[in-house]
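Colleague: Sharing work-v6.txt (compact mmCIF, C-alpha atoms) below.
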# COMPACT_ATOMS: atom_id res chain seq x y z
CA MET A 1 -23.54 18.17 -39.85
CA SER A 2 -24.51 14.69 -41.05
CA GLU A 3 -27.36 12.85 -39.35
CA ILE A 4 -26.31 10.16 -36.91
CA VAL A 5 -26.82 6.61 -38.21
CA LYS A 6 -28.74 4.36 -35.82
CA ILE A 7 -28.22 0.60 -35.57
CA LYS A 8 -30.22 -1.84 -33.46
CA THR A 9 -28.66 -5.00 -32.06
CA THR A 10 -29.18 -7.28 -29.09
CA CYS A 11 -25.63 -7.00 -27.74
CA VAL A 12 -22.92 -4.50 -28.64
CA ILE A 13 -19.37 -5.33 -27.60
CA ALA A 14 -16.73 -2.61 -27.34
CA GLY A 15 -13.30 -3.92 -28.30
CA ALA A 16 -12.30 -6.61 -30.81
CA GLY A 17 -9.63 -8.13 -28.61
CA PRO A 18 -9.60 -11.76 -27.43
CA ALA A 19 -12.44 -11.26 -24.93
CA GLY A 20 -14.63 -9.24 -27.28
CA LEU A 21 -14.26 -11.44 -30.34
CA MET A 22 -14.61 -14.68 -28.41
CA LEU A 23 -17.77 -13.43 -26.71
CA GLY A 24 -19.08 -12.15 -30.04
CA PHE A 25 -18.42 -15.55 -31.64
CA LEU A 26 -20.10 -17.46 -28.80
CA LEU A 27 -23.16 -15.20 -28.67
CA ALA A 28 -23.63 -15.33 -32.44
CA ARG A 29 -23.19 -19.11 -32.32
CA ALA A 30 -25.99 -19.23 -29.71
CA GLY A 31 -28.37 -17.23 -31.93
CA VAL A 32 -27.90 -13.76 -30.41
CA ASP A 33 -27.65 -10.74 -32.71
CA VAL A 34 -24.28 -9.19 -31.82
CA THR A 35 -22.19 -6.24 -33.01
CA VAL A 36 -18.49 -5.83 -32.11
CA VAL A 37 -17.00 -2.32 -32.37
CA GLU A 38 -13.21 -1.82 -32.69
CA LYS A 39 -11.49 1.59 -32.73
CA HIS A 40 -8.57 0.48 -34.92
CA ALA A 41 -8.70 -0.29 -38.62
CA ASP A 42 -6.89 -3.63 -38.20
CA PHE A 43 -5.29 -5.89 -35.60
CA LEU A 44 -1.66 -5.24 -36.57
CA ARG A 45 -0.03 -4.03 -33.37
CA ASP A 46 3.21 -5.39 -31.94
CA PHE A 47 3.86 -6.65 -28.44
CA ARG A 48 0.35 -7.60 -27.45
CA GLY A 49 -0.35 -10.70 -25.36
CA ASP A 50 0.52 -13.54 -27.72
CA THR A 51 0.34 -16.58 -25.44
CA ILE A 52 -2.49 -19.04 -26.08
CA HIS A 53 -2.65 -21.23 -23.00
CA PRO A 54 -4.00 -24.80 -22.73
CA SER A 55 -7.27 -23.49 -21.25
CA THR A 56 -7.87 -21.38 -24.37
CA LEU A 57 -6.82 -24.23 -26.68
CA GLU A 58 -9.41 -26.37 -24.88
CA VAL A 59 -12.13 -23.81 -25.64
CA ILE A 60 -11.11 -23.69 -29.30
CA ASP A 61 -11.19 -27.49 -29.38
CA GLN A 62 -14.70 -27.52 -27.85
CA LEU A 63 -15.79 -25.23 -30.68
CA GLY A 64 -14.49 -27.66 -33.30
CA LEU A 65 -11.88 -25.18 -34.57
CA ILE A 66 -8.65 -26.57 -33.15
CA ASP A 67 -7.28 -28.16 -36.34
CA ALA A 68 -7.75 -24.96 -38.34
CA PHE A 69 -6.32 -22.89 -35.52
CA LEU A 70 -3.18 -24.98 -35.06
CA ALA A 71 -2.61 -24.89 -38.81
CA LEU A 72 -1.70 -21.21 -38.35
CA PRO A 73 2.02 -20.44 -37.82
CA HIS A 74 2.93 -20.75 -34.14
CA THR A 75 5.55 -22.10 -31.78
CA ARG A 76 4.86 -24.40 -28.85
CA ALA A 77 6.17 -24.59 -25.31
CA GLU A 78 5.44 -27.77 -23.35
CA LYS A 79 7.23 -26.12 -20.44
CA LEU A 80 8.55 -22.72 -19.39
CA SER A 81 12.10 -22.33 -18.14
CA ALA A 82 14.31 -19.85 -16.32
CA GLU A 83 18.04 -19.45 -15.84
CA MET A 84 19.41 -19.88 -12.34
CA GLY A 85 23.09 -20.03 -11.46
CA GLY A 86 24.02 -20.65 -15.06
CA LYS A 87 21.58 -23.58 -15.33
CA THR A 88 18.17 -23.79 -16.96
CA ILE A 89 15.38 -25.01 -14.69
CA THR A 90 11.75 -25.80 -15.52
CA ILE A 91 9.40 -23.41 -13.75
CA ALA A 92 6.13 -24.57 -15.36
CA ASP A 93 5.45 -28.03 -16.79
CA PHE A 94 2.23 -28.63 -18.74
CA SER A 95 2.77 -32.34 -19.43
CA ARG A 96 0.27 -33.58 -16.82
CA LEU A 97 -2.62 -31.23 -17.53
CA PRO A 98 -6.04 -32.91 -17.97
CA VAL A 99 -6.58 -31.41 -21.45
CA LYS A 100 -5.79 -32.50 -25.01
CA ASN A 101 -3.27 -29.80 -25.89
CA ARG A 102 -0.66 -29.65 -23.13
CA PHE A 103 1.36 -26.69 -24.33
CA ILE A 104 1.32 -22.93 -24.72
CA ALA A 105 1.00 -21.78 -28.32
CA PHE A 106 2.87 -18.58 -29.11
CA MET A 107 1.10 -16.84 -31.96
CA PRO A 108 1.00 -13.16 -32.98
CA GLN A 109 -2.21 -11.80 -31.53
CA TRP A 110 -3.29 -10.35 -34.86
CA ASP A 111 -3.38 -13.90 -36.30
CA PHE A 112 -5.48 -15.09 -33.35
CA LEU A 113 -7.88 -12.16 -33.70
CA ASN A 114 -8.16 -12.50 -37.48
CA PHE A 115 -8.97 -16.19 -36.94
CA LEU A 116 -11.71 -15.41 -34.41
CA ALA A 117 -13.17 -12.62 -36.56
CA ALA A 118 -13.24 -14.78 -39.69
CA SER A 119 -14.84 -17.66 -37.78
CA ALA A 120 -17.49 -15.38 -36.23
CA GLN A 121 -18.37 -13.79 -39.56
CA ASP A 122 -19.67 -17.17 -40.73
CA PHE A 123 -22.73 -16.37 -38.62
CA PRO A 124 -25.24 -13.99 -40.27
CA ASN A 125 -26.12 -12.46 -36.88
CA PHE A 126 -22.53 -11.29 -36.23
CA ARG A 127 -21.34 -7.81 -37.27
CA LEU A 128 -17.83 -6.35 -36.86
CA ILE A 129 -17.37 -2.60 -37.25
CA MET A 130 -13.73 -1.53 -37.46
CA ASN A 131 -12.23 1.97 -37.22
CA ALA A 132 -15.02 3.14 -34.91
CA GLU A 133 -14.06 5.02 -31.74
CA ILE A 134 -16.60 4.97 -28.94
CA THR A 135 -17.31 8.46 -27.61
CA ARG A 136 -20.10 7.84 -25.09
CA VAL A 137 -22.55 5.37 -23.68
CA VAL A 138 -26.27 5.98 -24.15
CA GLU A 139 -28.42 5.88 -21.04
CA ASP A 140 -32.15 5.45 -20.57
CA GLY A 141 -32.70 6.58 -17.01
CA SER A 142 -30.34 4.50 -14.84
CA ARG A 143 -29.89 1.85 -17.52
CA VAL A 144 -27.26 1.79 -20.27
CA SER A 145 -29.00 1.25 -23.60
CA GLY A 146 -26.26 1.58 -26.21
CA ILE A 147 -23.15 3.42 -27.39
CA VAL A 148 -22.17 6.20 -29.80
CA ALA A 149 -19.07 5.77 -31.96
CA ARG A 150 -17.20 8.04 -34.37
CA THR A 151 -16.35 6.62 -37.80
CA ALA A 152 -14.85 8.05 -40.98
CA GLU A 153 -18.37 8.25 -42.44
CA GLY A 154 -19.83 9.97 -39.37
CA ASP A 155 -21.23 9.06 -35.98
CA ILE A 156 -23.21 5.90 -35.38
CA GLN A 157 -25.49 5.10 -32.46
CA ILE A 158 -25.93 1.44 -31.61
CA GLU A 159 -28.95 0.62 -29.47
CA SER A 160 -28.79 -2.67 -27.60
CA ASP A 161 -30.13 -4.72 -24.72
CA LEU A 162 -26.58 -5.14 -23.44
CA VAL A 163 -23.31 -3.20 -23.78
CA VAL A 164 -20.14 -5.19 -23.05
CA GLY A 165 -16.90 -3.38 -22.26
CA ALA A 166 -14.08 -5.54 -23.59
CA ASP A 167 -11.88 -2.62 -24.58
CA GLY A 168 -8.83 -3.31 -22.43
CA ARG A 169 -7.11 -1.90 -19.39
CA ASN A 170 -7.71 1.69 -20.56
CA SER A 171 -11.39 0.98 -21.15
CA VAL A 172 -13.45 3.87 -22.44
CA ILE A 173 -16.64 1.98 -21.59
CA ARG A 174 -15.89 1.60 -17.90
CA ALA A 175 -14.84 5.25 -17.67
CA LYS A 176 -17.95 6.54 -19.49
CA ALA A 177 -20.19 4.27 -17.43
CA GLY A 178 -18.68 5.57 -14.17
CA LEU A 179 -17.54 2.19 -12.87
CA ARG A 180 -15.08 2.45 -10.00
CA VAL A 181 -11.61 0.90 -10.19
CA GLU A 182 -9.41 -0.43 -7.38
CA ASN A 183 -5.64 -0.39 -7.97
CA PHE A 184 -3.25 -2.82 -6.30
CA GLY A 185 0.48 -2.50 -5.87
CA VAL A 186 2.77 -0.04 -7.62
CA PRO A 187 2.73 0.09 -11.44
CA SER A 188 5.82 -1.33 -13.12
CA GLU A 189 7.23 -1.14 -16.63
CA VAL A 190 8.26 -3.67 -19.26
CA VAL A 191 10.16 -2.69 -22.42
CA TRP A 192 9.46 -4.93 -25.42
CA MET A 193 11.77 -5.26 -28.40
CA LYS A 194 12.67 -7.59 -31.28
CA LEU A 195 16.06 -9.26 -31.67
CA SER A 196 17.17 -11.61 -34.43
CA LYS A 197 17.30 -15.35 -33.84
CA GLN A 198 20.65 -16.93 -34.70
CA ASP A 199 22.54 -20.20 -34.41
CA GLY A 200 23.58 -20.96 -30.85
CA ASP A 201 20.62 -19.15 -29.26
CA PRO A 202 18.46 -20.93 -26.65
CA ASN A 203 16.20 -23.50 -28.27
CA GLU A 204 13.17 -22.91 -26.05
CA VAL A 205 11.10 -20.11 -24.58
CA MET A 206 12.74 -19.05 -21.35
CA GLY A 207 12.49 -16.41 -18.65
CA HIS A 208 15.86 -15.16 -17.47
CA ALA A 209 16.11 -13.79 -13.91
CA GLY A 210 18.93 -11.30 -13.49
CA PRO A 211 20.29 -9.55 -10.39
CA ARG A 212 17.78 -6.69 -10.39
CA GLN A 213 15.86 -7.14 -13.61
CA GLY A 214 14.05 -9.88 -15.51
CA PHE A 215 14.39 -10.72 -19.17
CA VAL A 216 11.93 -12.80 -21.17
CA LEU A 217 12.47 -14.46 -24.55
CA ILE A 218 9.53 -15.54 -26.72
CA ASP A 219 10.38 -17.59 -29.80
CA ARG A 220 8.68 -16.06 -32.87
CA GLY A 221 10.26 -18.44 -35.35
CA ASP A 222 12.69 -16.12 -37.12
CA TYR A 223 13.14 -13.60 -34.29
CA TRP A 224 12.94 -13.22 -30.53
CA GLN A 225 10.32 -11.09 -28.84
CA CYS A 226 12.12 -9.82 -25.75
CA GLY A 227 10.75 -8.26 -22.60
CA TYR A 228 12.99 -6.29 -20.26
CA VAL A 229 11.45 -5.74 -16.83
CA ILE A 230 12.46 -2.40 -15.30
CA ARG A 231 13.08 -2.23 -11.57
CA ARG A 232 14.51 0.43 -9.24
CA THR A 233 14.28 3.09 -11.96
CA THR A 234 11.90 4.21 -14.73
CA PHE A 235 11.99 4.04 -18.50
CA ALA A 236 12.09 7.84 -18.65
CA GLN A 237 15.24 7.87 -16.50
CA ILE A 238 16.78 5.16 -18.68
CA CYS A 239 16.06 7.23 -21.79
CA ASP A 240 17.83 10.19 -20.21
CA HIS A 241 21.04 8.13 -20.11
CA GLY A 242 20.84 7.28 -23.81
CA ILE A 243 20.51 4.17 -25.96
CA GLU A 244 24.03 2.90 -25.26
CA ALA A 245 23.34 2.70 -21.53
CA PHE A 246 20.07 0.90 -22.25
CA ARG A 247 21.80 -1.64 -24.50
CA LYS A 248 24.26 -2.39 -21.69
CA MET A 249 21.48 -2.84 -19.13
CA VAL A 250 19.72 -5.31 -21.40
CA ALA A 251 22.95 -7.15 -22.25
CA ASP A 252 23.73 -7.59 -18.54
CA VAL A 253 20.60 -9.75 -18.02
CA SER A 254 20.09 -11.26 -21.47
CA PRO A 255 21.29 -14.77 -22.34
CA LEU A 256 21.93 -13.52 -25.89
CA PRO A 257 25.35 -12.18 -26.98
CA ALA A 258 25.93 -8.51 -26.09
CA SER A 259 26.55 -7.75 -29.77
CA ARG A 260 22.90 -8.60 -30.50
CA MET A 261 21.88 -5.46 -28.63
CA ASP A 262 23.28 -3.35 -31.50
CA GLU A 263 20.04 -4.22 -33.31
CA ILE A 264 18.28 -1.82 -30.94
CA ARG A 265 19.21 1.27 -32.91
CA SER A 266 17.10 3.74 -30.94
CA PHE A 267 14.30 3.81 -28.40
CA SER A 268 11.86 3.82 -31.33
CA ASP A 269 12.77 0.12 -31.70
CA THR A 270 11.18 -0.53 -28.30
CA SER A 271 7.64 -0.48 -26.97
CA LEU A 272 6.85 0.42 -23.36
CA LEU A 273 4.14 -1.44 -21.44
CA THR A 274 3.12 0.09 -18.12
CA VAL A 275 1.93 -2.77 -15.94
CA ARG A 276 -0.67 -2.30 -13.28
CA ILE A 277 -2.97 -4.65 -11.43
CA ASP A 278 -6.51 -3.42 -10.91
CA ARG A 279 -10.12 -4.53 -10.98
CA LEU A 280 -13.56 -2.99 -10.92
CA ARG A 281 -15.35 -2.86 -7.60
CA GLN A 282 -18.45 -3.96 -9.51
CA TRP A 283 -18.19 -5.23 -13.08
CA TRP A 284 -21.68 -4.21 -14.18
CA ARG A 285 -24.59 -1.83 -14.01
CA SER A 286 -28.01 -2.20 -15.61
CA GLY A 287 -27.54 -2.85 -19.31
CA LEU A 288 -23.72 -3.03 -19.16
CA ILE A 289 -20.93 -5.37 -18.06
CA CYS A 290 -17.13 -5.36 -18.42
CA ILE A 291 -14.96 -8.43 -18.96
CA GLY A 292 -11.27 -9.14 -19.56
CA ASP A 293 -8.77 -6.36 -18.93
CA ALA A 294 -11.61 -3.83 -18.82
CA ALA A 295 -12.77 -5.55 -15.63
CA HIS A 296 -9.39 -6.63 -14.25
CA ALA A 297 -5.95 -5.62 -15.52
CA MET A 298 -3.26 -8.21 -14.89
CA SER A 299 0.51 -8.27 -14.65
CA PRO A 300 2.14 -10.06 -17.62
CA ILE A 301 3.52 -12.65 -15.15
CA GLY A 302 2.67 -16.04 -16.66
CA GLY A 303 1.01 -14.40 -19.67
CA VAL A 304 -2.39 -15.14 -18.11
CA GLY A 305 -4.27 -11.96 -19.10
CA VAL A 306 -5.44 -13.14 -22.53
CA ASN A 307 -6.55 -16.47 -21.16
CA LEU A 308 -8.47 -15.02 -18.22
CA ALA A 309 -10.21 -12.78 -20.76
CA ILE A 310 -11.19 -15.81 -22.85
CA GLN A 311 -12.51 -17.58 -19.76
CA ASP A 312 -14.56 -14.47 -18.89
CA ALA A 313 -16.04 -14.56 -22.39
CA VAL A 314 -17.00 -18.23 -22.11
CA ALA A 315 -18.63 -17.71 -18.71
CA ALA A 316 -20.49 -14.62 -19.95
CA ALA A 317 -21.78 -16.48 -23.01
CA ASN A 318 -22.87 -19.47 -20.91
CA ILE A 319 -24.85 -17.24 -18.54
CA LEU A 320 -26.13 -14.50 -20.85
CA SER A 321 -26.92 -16.22 -24.17
CA ARG A 322 -30.37 -17.49 -23.29
CA PRO A 323 -31.71 -14.38 -21.51
CA LEU A 324 -30.39 -12.22 -24.37
CA ARG A 325 -31.91 -14.47 -27.01
CA GLU A 326 -35.24 -14.53 -25.18
CA GLY A 327 -35.29 -10.79 -24.43
CA ARG A 328 -35.34 -11.17 -20.65
CA LEU A 329 -31.89 -10.00 -19.55
CA ALA A 330 -31.89 -8.95 -15.88
CA ASP A 331 -29.37 -7.41 -13.51
CA ALA A 332 -29.16 -10.77 -11.75
CA ASP A 333 -27.70 -12.31 -14.91
CA LEU A 334 -24.93 -9.70 -15.02
CA ALA A 335 -24.22 -10.20 -11.33
CA ALA A 336 -23.97 -13.95 -11.97
CA VAL A 337 -21.16 -13.40 -14.49
CA GLU A 338 -19.17 -11.35 -11.99
CA LYS A 339 -19.82 -13.90 -9.24
CA ARG A 340 -18.64 -16.73 -11.49
CA ARG A 341 -15.41 -14.99 -12.51
CA SER A 342 -14.62 -13.11 -9.30
CA PHE A 343 -12.76 -15.93 -7.53
CA PRO A 344 -10.32 -16.79 -10.37
CA THR A 345 -9.67 -13.08 -10.90
CA ARG A 346 -8.97 -12.32 -7.25
CA ALA A 347 -6.90 -15.48 -6.75
CA THR A 348 -4.75 -14.80 -9.82
CA GLN A 349 -4.16 -11.18 -8.85
CA LYS A 350 -3.33 -12.19 -5.28
CA LEU A 351 -0.75 -14.66 -6.58
CA GLN A 352 0.76 -12.04 -8.89
CA LEU A 353 0.96 -9.50 -6.06
CA MET A 354 2.64 -12.06 -3.81
CA MET A 355 5.24 -12.75 -6.50
CA ARG A 356 5.89 -9.04 -6.98
CA SER A 357 6.26 -8.56 -3.21
CA SER A 358 8.74 -11.43 -3.10
CA ARG A 359 10.85 -9.79 -5.80
CA ARG A 360 10.82 -6.43 -4.02
CA ALA A 361 11.91 -8.12 -0.77
CA ASP A 362 14.72 -9.84 -2.64
CA GLN A 363 15.88 -6.52 -4.07
CA ALA A 364 15.94 -4.96 -0.61
CA ASN A 365 18.08 -7.76 0.75
CA GLU A 366 21.71 -7.45 -0.30
CA HIS A 367 22.29 -11.19 -0.06
CA LYS A 368 19.18 -12.31 -1.94
CA ARG A 369 19.50 -9.55 -4.52
CA LYS A 370 22.08 -11.49 -6.47
CA GLY A 371 19.76 -14.44 -7.11
CA PRO A 372 16.49 -14.96 -8.98
CA PRO A 373 13.05 -14.33 -7.42
CA GLY A 374 12.06 -16.48 -4.46
CA PHE A 375 9.39 -18.45 -6.32
CA ILE A 376 11.98 -19.61 -8.87
CA ARG A 377 14.34 -20.70 -6.09
CA GLY A 378 11.47 -22.64 -4.53
CA ILE A 379 10.70 -24.50 -7.76
CA ALA A 380 14.40 -25.26 -8.23
CA ARG A 381 14.44 -26.82 -4.76
CA TRP A 382 11.20 -28.80 -5.24
CA PRO A 383 10.81 -29.60 -8.96
CA VAL A 384 7.34 -31.11 -8.39
CA LEU A 385 6.13 -27.52 -7.96
CA ALA A 386 6.71 -27.03 -11.70
CA HIS A 387 3.63 -29.19 -12.33
CA LEU A 388 1.58 -27.09 -9.89
CA SER A 389 2.69 -23.82 -11.50
CA GLY A 390 2.01 -25.42 -14.90
CA ARG A 391 -1.57 -26.05 -13.84
CA LEU A 392 -2.06 -22.56 -12.44
CA ILE A 393 -0.55 -20.91 -15.52
CA GLY A 394 -2.01 -23.31 -18.07
CA LEU A 395 -5.54 -23.72 -16.71
CA GLY A 396 -5.99 -21.02 -14.08
CA PHE A 397 -8.05 -21.27 -10.92
CA ARG A 398 -11.33 -22.02 -12.73
CA MET A 399 -11.46 -23.28 -16.30
CA GLU A 400 -14.71 -22.66 -18.13
CA ARG A 401 -16.34 -25.06 -20.57
CA VAL A 402 -18.54 -24.00 -23.48
CA LYS A 403 -22.07 -25.08 -22.55
CA GLU A 404 -24.40 -23.39 -25.00
CA PRO A 405 -25.47 -25.79 -27.78
CA ARG A 406 -24.96 -24.61 -31.33
CA PRO A 407 -28.14 -23.61 -33.17
CA THR A 408 -28.46 -24.57 -36.84
CA ARG A 409 -26.73 -22.01 -39.05
Spit out the file's structure as structure tokens when you get a sec.
Modeller:
Amino acid sequence: MSEIVKIKTTCVIAGAGPAGLMLGFLLARAGVDVTVVEKHADFLRDFRGDTIHPSTLEVIDQLGLIDAFLALPHTRAEKLSAEMGGKTITIADFSRLPVKNRFIAFMPQWDFLNFLAASAQDFPNFRLIMNAEITRVVEDGSRVSGIVARTAEGDIQIESDLVVGADGRNSVIRAKAGLRVENFGVPSEVVWMKLSKQDGDPNEVMGHAGPRQGFVLIDRGDYWQCGYVIRRTTFAQICDHGIEAFRKMVADVSPLPASRMDEIRSFSDTSLLTVRIDRLRQWWRSGLICIGDAAHAMSPIGGVGVNLAIQDAVAAANILSRPLREGRLADADLAAVEKRRSFPTRATQKLQLMMRSSRRADQANEHKRKGPPGFIRGIARWPVLAHLSGRLIGLGFRMERVKEPRPTR
């Protein structure tokens, strides 16, 4: 059995997703020695959160990276739309936001993550270890003091002043650390798939509300990323009825021609996302904190999960950079991060739960069932609400600003 390799760092971050890489970048930029550990060998996975909201674009602009970022292939949405009664209505308008970039950028998440990783690796005090699966947290009495990860070359133990769990809604860190999770509402399912983009298709990103299901189109340039929201059944039950029945269900709520569904050859052409809303009762313990989906899993409504994670990372860097750099990190600093991000998390989840409850009530009512969700009907009646929803979706309940000055490289 090979001897375990030991590494010493100031902060080790589990998970090279948006929250983990952004926090790693910001800490390294502030002069903190940081190591990010990712279990996969690369970032190439389909159907991850690919919406970069105005709040995140503002952070990237504050870092002086916006021109390089927007040079990457992406599509833009200055507004989000939905179909109602055969008409397209605006449900979120970003045109009045008090930021420079008033649009959502749709970009494959692997491009976003590669961009963040490459930018962070310009700092000599940043380290990214890929293909390393975390197996346990290391504890020194009641305090977490590091992690152990399995790699192709053998196990590594990373000792650190702080462990950050940024490893998603199925976080290994929060499970190994024994942090307690509260679940809200009933889990739901979204089936993602790709369909070709052809002449005559909608020319903007749009959410389509059907009688009992929802259907979302995201413009990827040469194809559509489509999300089919399952209600009143389960994906397993749908699979039991076969691919033809599934194609018909999708065609019934899709604004695309029914013949386009023939591109879904089998269920292997789909990807299932089980959606749940949860959050940790306490985000931290001595020597450890969770951020992003590891601290609070969101519904994909509004695509806000990635952007809340980025805001968590900015707040954490603002609060933790100096005590980490000066070797005086205390529990009070970790509690301050949770306190700062607790309100926007709770408010966003409350809003998502209210929207889900509205849809369930609509489905139970035979008259309302045939129309779109109540919040869409409300925006159709009072169009000014599209600017309010644009602010909530685009900026969230509390937008963070990068505060830590940049040390000389």
Colleague: Any idea what the distance is between CA of Asn125 in chain A and CA of Gly327 in chain A?
Modeller: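 Between CA of Asn125 in chain A and CA of Gly327 in chain A the gap works out to 15.6 Å.
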Colleague: Which one of A:Thr233, A:Ser188, A:Asn101, A:Thr348 sits closest to Leu273 in chain A if you count all atoms listed in the file?
Modeller: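 For Leu273 in chain A, the nearest of the candidates is A:Ser188.
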Colleague: When distances are computed from only C-alpha atoms, which of A:Ala82, A:Ala68, A:Gly178, A:Phe184 shows the smallest separation from Met354 in chain A?
Modeller: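 Closest residue, counting only C-alpha atoms: A:Phe184.
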Colleague: List the neighbours of Phe343 in chain A out to 12 Å using all atoms listed in the file; skip same-chain residues closer than 5 positions along the sequence, and give me the result as a PyMOL selection string.
Modeller: chain A and resi 296+308+312+337-338+348-350+396-399
Colleague: I need the residue nearest Asp155 in chain A from this list: A:Ser142, A:Thr135, A:Thr51, A:Ser286. Use all atoms listed in the file for the distance.
Modeller: A:Thr135
Colleague: With distances taken over all atoms listed in the file, which of A:Pro108, A:Gly200, A:Gly15, A:Gly185 is nearest to Leu128 in chain A?
Modeller: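 Ranked by minimum distance to Leu128 in chain A, first place goes to A:Gly15.
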Colleague: Neighbouring residues of Asp122 in chain A were defined as those with any atom within 10 Å, considering all atoms listed in the file; residues of the same chain fewer than 3 positions away were excluded. Please report them as an MDAnalysis selection string.
Modeller: chainID A and resid 25 28:29 117:119 125:126 409
Colleague: Of the candidates A:Ala16, A:Ile66, A:Ile173, A:Leu162, which one gets nearest to Ala316 in chain A if we count all atoms listed in the file?
Modeller: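 Closest residue, counting all atoms listed in the file: A:Leu162.
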Colleague: Tell me, as an mmCIF file with C-alpha atoms, in the coordinates of the input, which residues lie within 6 Å of Val275 in chain A, counting all atoms listed in the file; anything in the same chain fewer than 6 positions away does not count.
Modeller:
data_model
loop_
_atom_site.group_PDB
_atom_site.id
_atom_site.type_symbol
_atom_site.label_atom_id
_atom_site.label_comp_id
_atom_site.auth_asym_id
_atom_site.auth_seq_id
_atom_site.Cartn_x
_atom_site.Cartn_y
_atom_site.Cartn_z
ATOM 1 C CA PRO A 187 2.730 0.090 -11.440
ATOM 2 C CA SER A 188 5.820 -1.330 -13.120
ATOM 3 C CA GLU A 189 7.230 -1.140 -16.630
ATOM 4 C CA SER A 299 0.510 -8.270 -14.650
#
Colleague: Mind checking which residues fall within 10 Å of Leu70 in chain A, counting all atoms listed in the file, ignoring those fewer than 3 positions away in the same chain, and posting them as a PyMOL selection string?
Modeller: chain A and resi 57+60+65-67+73-75+105+107
Colleague: Identify which of the residues A:Gly242, A:Pro98, A:Gly292, A:Gly214 lies closest to Pro255 in chain A, counting all atoms listed in the file when measuring atom-to-atom distances.
Modeller: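 Smallest distance to Pro255 in chain A is found for A:Gly214.
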Colleague: May I ask for the distance between CA of Arg247 in chain A and CA of Tyr228 in chain A, given in Å to one decimal place?
Modeller: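 About the pair CA of Arg247 in chain A and CA of Tyr228 in chain A: they are 10.8 Å apart.
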Colleague: With a distance cut-off of 12 Å and only C-alpha atoms, select the neighbouring residues of Arg220 in chain A, excluding the residue or stretch itself and same-chain residues fewer than 3 positions from it, and output the selection as a ChimeraX atom specification.
Modeller: /A:47,50-51,73-77,105-109,194-197,203-205,217,223-226
Colleague: Kindly give the distance, in Å, that separates CA of Ile13 in chain A and CA of Asp161 in chain A, rounded to a single decimal.
Modeller: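 Taking CA of Ile13 in chain A and CA of Asp161 in chain A, their separation equals 11.2 Å.
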Colleague: With 9 Å as the threshold, what does the neighbourhood of (19.4, -5.9, -32.1) contain in terms of residues, counting all atoms listed in the file? Coordinates are those of the file; answer as a list in words.
Modeller: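 Every polymer residue passing the test: Met193, Lys194, Leu195, Ser196, Ser259, Arg260, Met261, Asp262, Glu263, Ile264, Arg265 and Asp269 of chain A.
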Colleague: Give the padded box for range 104-119 of chain A as AutoDock Vina command-line options: axis-aligned, covering all atoms listed in the file, 8 Å on each side, centre and edge lengths in Å to one decimal.
Modeller:
--center_x -6.0 --center_y -16.6 --center_z -32.2 --size_x 33.7 --size_y 28.6 --size_z 31.0
Colleague: At most 10 Å from (-17.1, 6.8, -20.3), file frame, only C-alpha atoms: which residues, as number ranges by chain?
Modeller: A: 134-138, 147, 171-179
